[in-house]
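Below you'll find the structure, written out as structure tokens, and then a few comments.
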Amino acid sequence: MRETGDSVAIRLRRLGREVGARAGRGETLLDALLAAGGPVPHRCRQARCGRCRVWVAAGAAALAPPGEAERRRLGAAATGARLMCQARVAAPEAAAEVVVDA
């Protein structure tokens with residue numbers, strides 16, 4: 001198990017259920033949640049399908065800014081939206097928890 005200073009808690013809220021995990025620096029939200037055994041919607045892992053789109057409810061400061069592929073897939077109107085396959089932890093110390101809604 002990771003030390004809490006090296007990782008951040010991730011909580012996915014979907015269809016009235018919650019899945020929790022810890023993600024280390026550089027790890028995607030999708031990889032962390034799948035490793036924790038959570039049923040997480042995804043398909044391509046390349047920012048093409050948009051199936052893993054979520055809205056960040058808390059802890060956005062812990063995530064790296066969206067890359068070009070993610071910005072292109074989400075478009076300008078998707079303020080607060082991220083793709084779990086692309087959203088990487090950059091600063092685990094910046095937030096106690098990242099909460100995303102699917």
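Naming scheme: A, B, ... for chains in displayed order of the structure tokens; residues 1 onward per chain; ligands 1 onward as shown.
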
Residue contacts of range 23-37 of chain A (8 Å, only C-alpha atoms) excluding same-chain residues fewer than 5 positions away, as a PDB file with C-alpha atoms, in the first residue's frame:
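As a result, out-v3.pdb now contains:
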```
ATOM      1  CA  ARG A   2       1.274   3.473  -0.850  1.00  0.00           C
ATOM      2  CA  ASP A   6       2.866   9.767  -2.066  1.00  0.00           C
ATOM      3  CA  SER A   7      -0.682   9.246  -3.237  1.00  0.00           C
ATOM      4  CA  VAL A   8      -4.129  10.760  -3.141  1.00  0.00           C
ATOM      5  CA  ALA A   9      -7.487   9.151  -2.350  1.00  0.00           C
ATOM      6  CA  ILE A  10      -9.758   8.788  -5.381  1.00  0.00           C
ATOM      7  CA  CYS A  52     -14.669   7.260 -19.024  1.00  0.00           C
ATOM      8  CA  MET A  84     -10.267   9.039 -16.327  1.00  0.00           C
ATOM      9  CA  CYS A  85      -7.935   7.348 -18.831  1.00  0.00           C
ATOM     10  CA  GLN A  86      -6.050  10.630 -19.294  1.00  0.00           C
ATOM     11  CA  ALA A  87      -6.367  12.393 -15.923  1.00  0.00           C
ATOM     12  CA  ARG A  88      -3.089  11.791 -14.074  1.00  0.00           C
ATOM     13  CA  VAL A  89      -2.165  12.609 -10.509  1.00  0.00           C
ATOM     14  CA  ALA A  90       0.500  15.326 -10.584  1.00  0.00           C
ATOM     15  CA  ALA A  91       0.479  16.709  -7.046  1.00  0.00           C
ATOM     16  CA  PRO A  92      -0.943  14.240  -4.516  1.00  0.00           C
TER      17      PRO A  92
END
```

- In chain A, DSSP helix (DSSP H, G or I) residues written as a list in words: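 Going through chain A, the helix (DSSP H, G or I) residues come out as Thr4, Gly5, Asp6, Leu29, Leu30, Asp31, Ala32, Leu33, Leu34, Ala35, Ala60, Ala61, Ala62, Glu68, Ala69, Glu70, Arg71, Arg72, Arg73, Leu74, Pro92, Glu93 and Ala94 of chain A.
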
Take the residues from that selection and write them out as a PDB file, in the first residue's frame, keeping C-alpha atoms.
```pdb
ATOM      1  CA  THR A   4      -0.571   8.629   1.969  1.00  0.00           C
ATOM      2  CA  GLY A   5       1.923  11.431   1.227  1.00  0.00           C
ATOM      3  CA  ASP A   6       2.866   9.767  -2.066  1.00  0.00           C
ATOM      4  CA  LEU A  29      -7.580   7.746 -12.260  1.00  0.00           C
ATOM      5  CA  LEU A  30      -8.758   4.855 -14.434  1.00  0.00           C
ATOM      6  CA  ASP A  31      -5.759   2.639 -13.636  1.00  0.00           C
ATOM      7  CA  ALA A  32      -6.058   3.307  -9.901  1.00  0.00           C
ATOM      8  CA  LEU A  33      -9.781   2.545  -9.800  1.00  0.00           C
ATOM      9  CA  LEU A  34      -9.441  -0.603 -11.917  1.00  0.00           C
ATOM     10  CA  ALA A  35      -6.594  -1.843  -9.687  1.00  0.00           C
ATOM     11  CA  ALA A  60      -8.798  19.017  -9.170  1.00  0.00           C
ATOM     12  CA  ALA A  61      -5.574  20.635  -7.910  1.00  0.00           C
ATOM     13  CA  ALA A  62      -4.036  17.167  -7.491  1.00  0.00           C
ATOM     14  CA  GLU A  68      -4.255  17.940 -26.139  1.00  0.00           C
ATOM     15  CA  ALA A  69      -6.073  14.655 -26.877  1.00  0.00           C
ATOM     16  CA  GLU A  70      -8.253  15.031 -23.790  1.00  0.00           C
ATOM     17  CA  ARG A  71      -9.067  18.682 -24.534  1.00  0.00           C
ATOM     18  CA  ARG A  72      -9.957  17.804 -28.125  1.00  0.00           C
ATOM     19  CA  ARG A  73     -12.283  14.954 -27.035  1.00  0.00           C
ATOM     20  CA  LEU A  74     -14.031  16.946 -24.308  1.00  0.00           C
ATOM     21  CA  PRO A  92      -0.943  14.240  -4.516  1.00  0.00           C
ATOM     22  CA  GLU A  93      -0.118  16.679  -1.730  1.00  0.00           C
ATOM     23  CA  ALA A  94      -2.408  19.350  -3.257  1.00  0.00           C
TER      24      ALA A  94
END
```

- Item | Nearest-residue call for Arg13 in chain A, choices A:Ala57, A:Glu97, A:Gly80, A:His42, using only C-alpha atoms |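 Closest to Arg13 in chain A of all the choices is A:Ala57.
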
- Item | Straight-line distance linking CA of Pro65 in chain A with CA of Arg82 in chain A, stated in Å to one decimal |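 CA of Pro65 in chain A sits 9.5 Å away from CA of Arg82 in chain A.
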
Skipping near chain neighbours, those fewer than 3 positions away, what residues fall within 7 Å of Val100 in chain A using only C-alpha atoms, listed as a compact mmCIF listing (two decimals) with N, CA and C atoms, in the first residue's frame?
```
# COMPACT_ATOMS: atom_id res chain seq x y z
N ARG A 11 -12.17 8.91 -5.30
CA ARG A 11 -13.51 8.39 -5.05
C ARG A 11 -14.37 8.65 -6.29
N LEU A 12 -14.87 7.58 -6.89
CA LEU A 12 -15.76 7.66 -8.04
C LEU A 12 -17.18 7.41 -7.56
N ARG A 13 -18.08 8.37 -7.84
CA ARG A 13 -19.49 8.23 -7.50
C ARG A 13 -20.25 7.99 -8.80
N VAL A 54 -15.82 11.92 -16.65
CA VAL A 54 -16.34 12.21 -15.32
C VAL A 54 -16.28 13.71 -15.10
N TRP A 55 -16.94 14.15 -14.04
CA TRP A 55 -16.87 15.55 -13.63
C TRP A 55 -16.17 15.59 -12.29
N VAL A 56 -15.16 16.43 -12.19
CA VAL A 56 -14.39 16.53 -10.95
C VAL A 56 -15.16 17.40 -9.96
N ALA A 57 -15.59 16.78 -8.86
CA ALA A 57 -16.35 17.50 -7.83
C ALA A 57 -15.43 18.09 -6.77
```

- Query: For Gly16 in chain A, which residue out of A:Asp101, A:Ala76, A:Gly59, A:Arg51 is the nearest one, using only C-alpha atoms?
  - Reply: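 Answer, going by the shortest atom-to-atom distance: A:Asp101.
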
- Item | Interatomic distance (Å, one decimal) between CA of Arg45 in chain A and CA of Leu83 in chain A |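 Computed distance, CA of Arg45 in chain A to CA of Leu83 in chain A, equals 9.0 Å.
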
- Message: Between A:Pro66, A:Gly50, A:Gly38, A:Gly75, which residue has the minimum interatomic distance to Glu18 in chain A, considering only C-alpha atoms?
- Response: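 Smallest separation from Glu18 in chain A among the options: A:Gly38.
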
- Pick out the closest residue to Gly20 in chain A from this set: A:Pro39, A:Ala78, A:Gln46, A:Arg53. Count only C-alpha atoms.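 Using only C-alpha atoms, the shortest distance to Gly20 in chain A belongs to A:Pro39.
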
- Task: Mind giving me the straight-line distance from CA of Ala64 in chain A to CA of Ala21 in chain A in Å, one decimal?
- Result: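 These atoms are spaced 17.9 Å apart.
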
- Task: May I have all residues of chain A that DSSP, computed from the backbone, assigns to strand (DSSP E), given as a ChimeraX atom specification?
- Result: /A:7-14,17-24,53-58,81-83,97-101
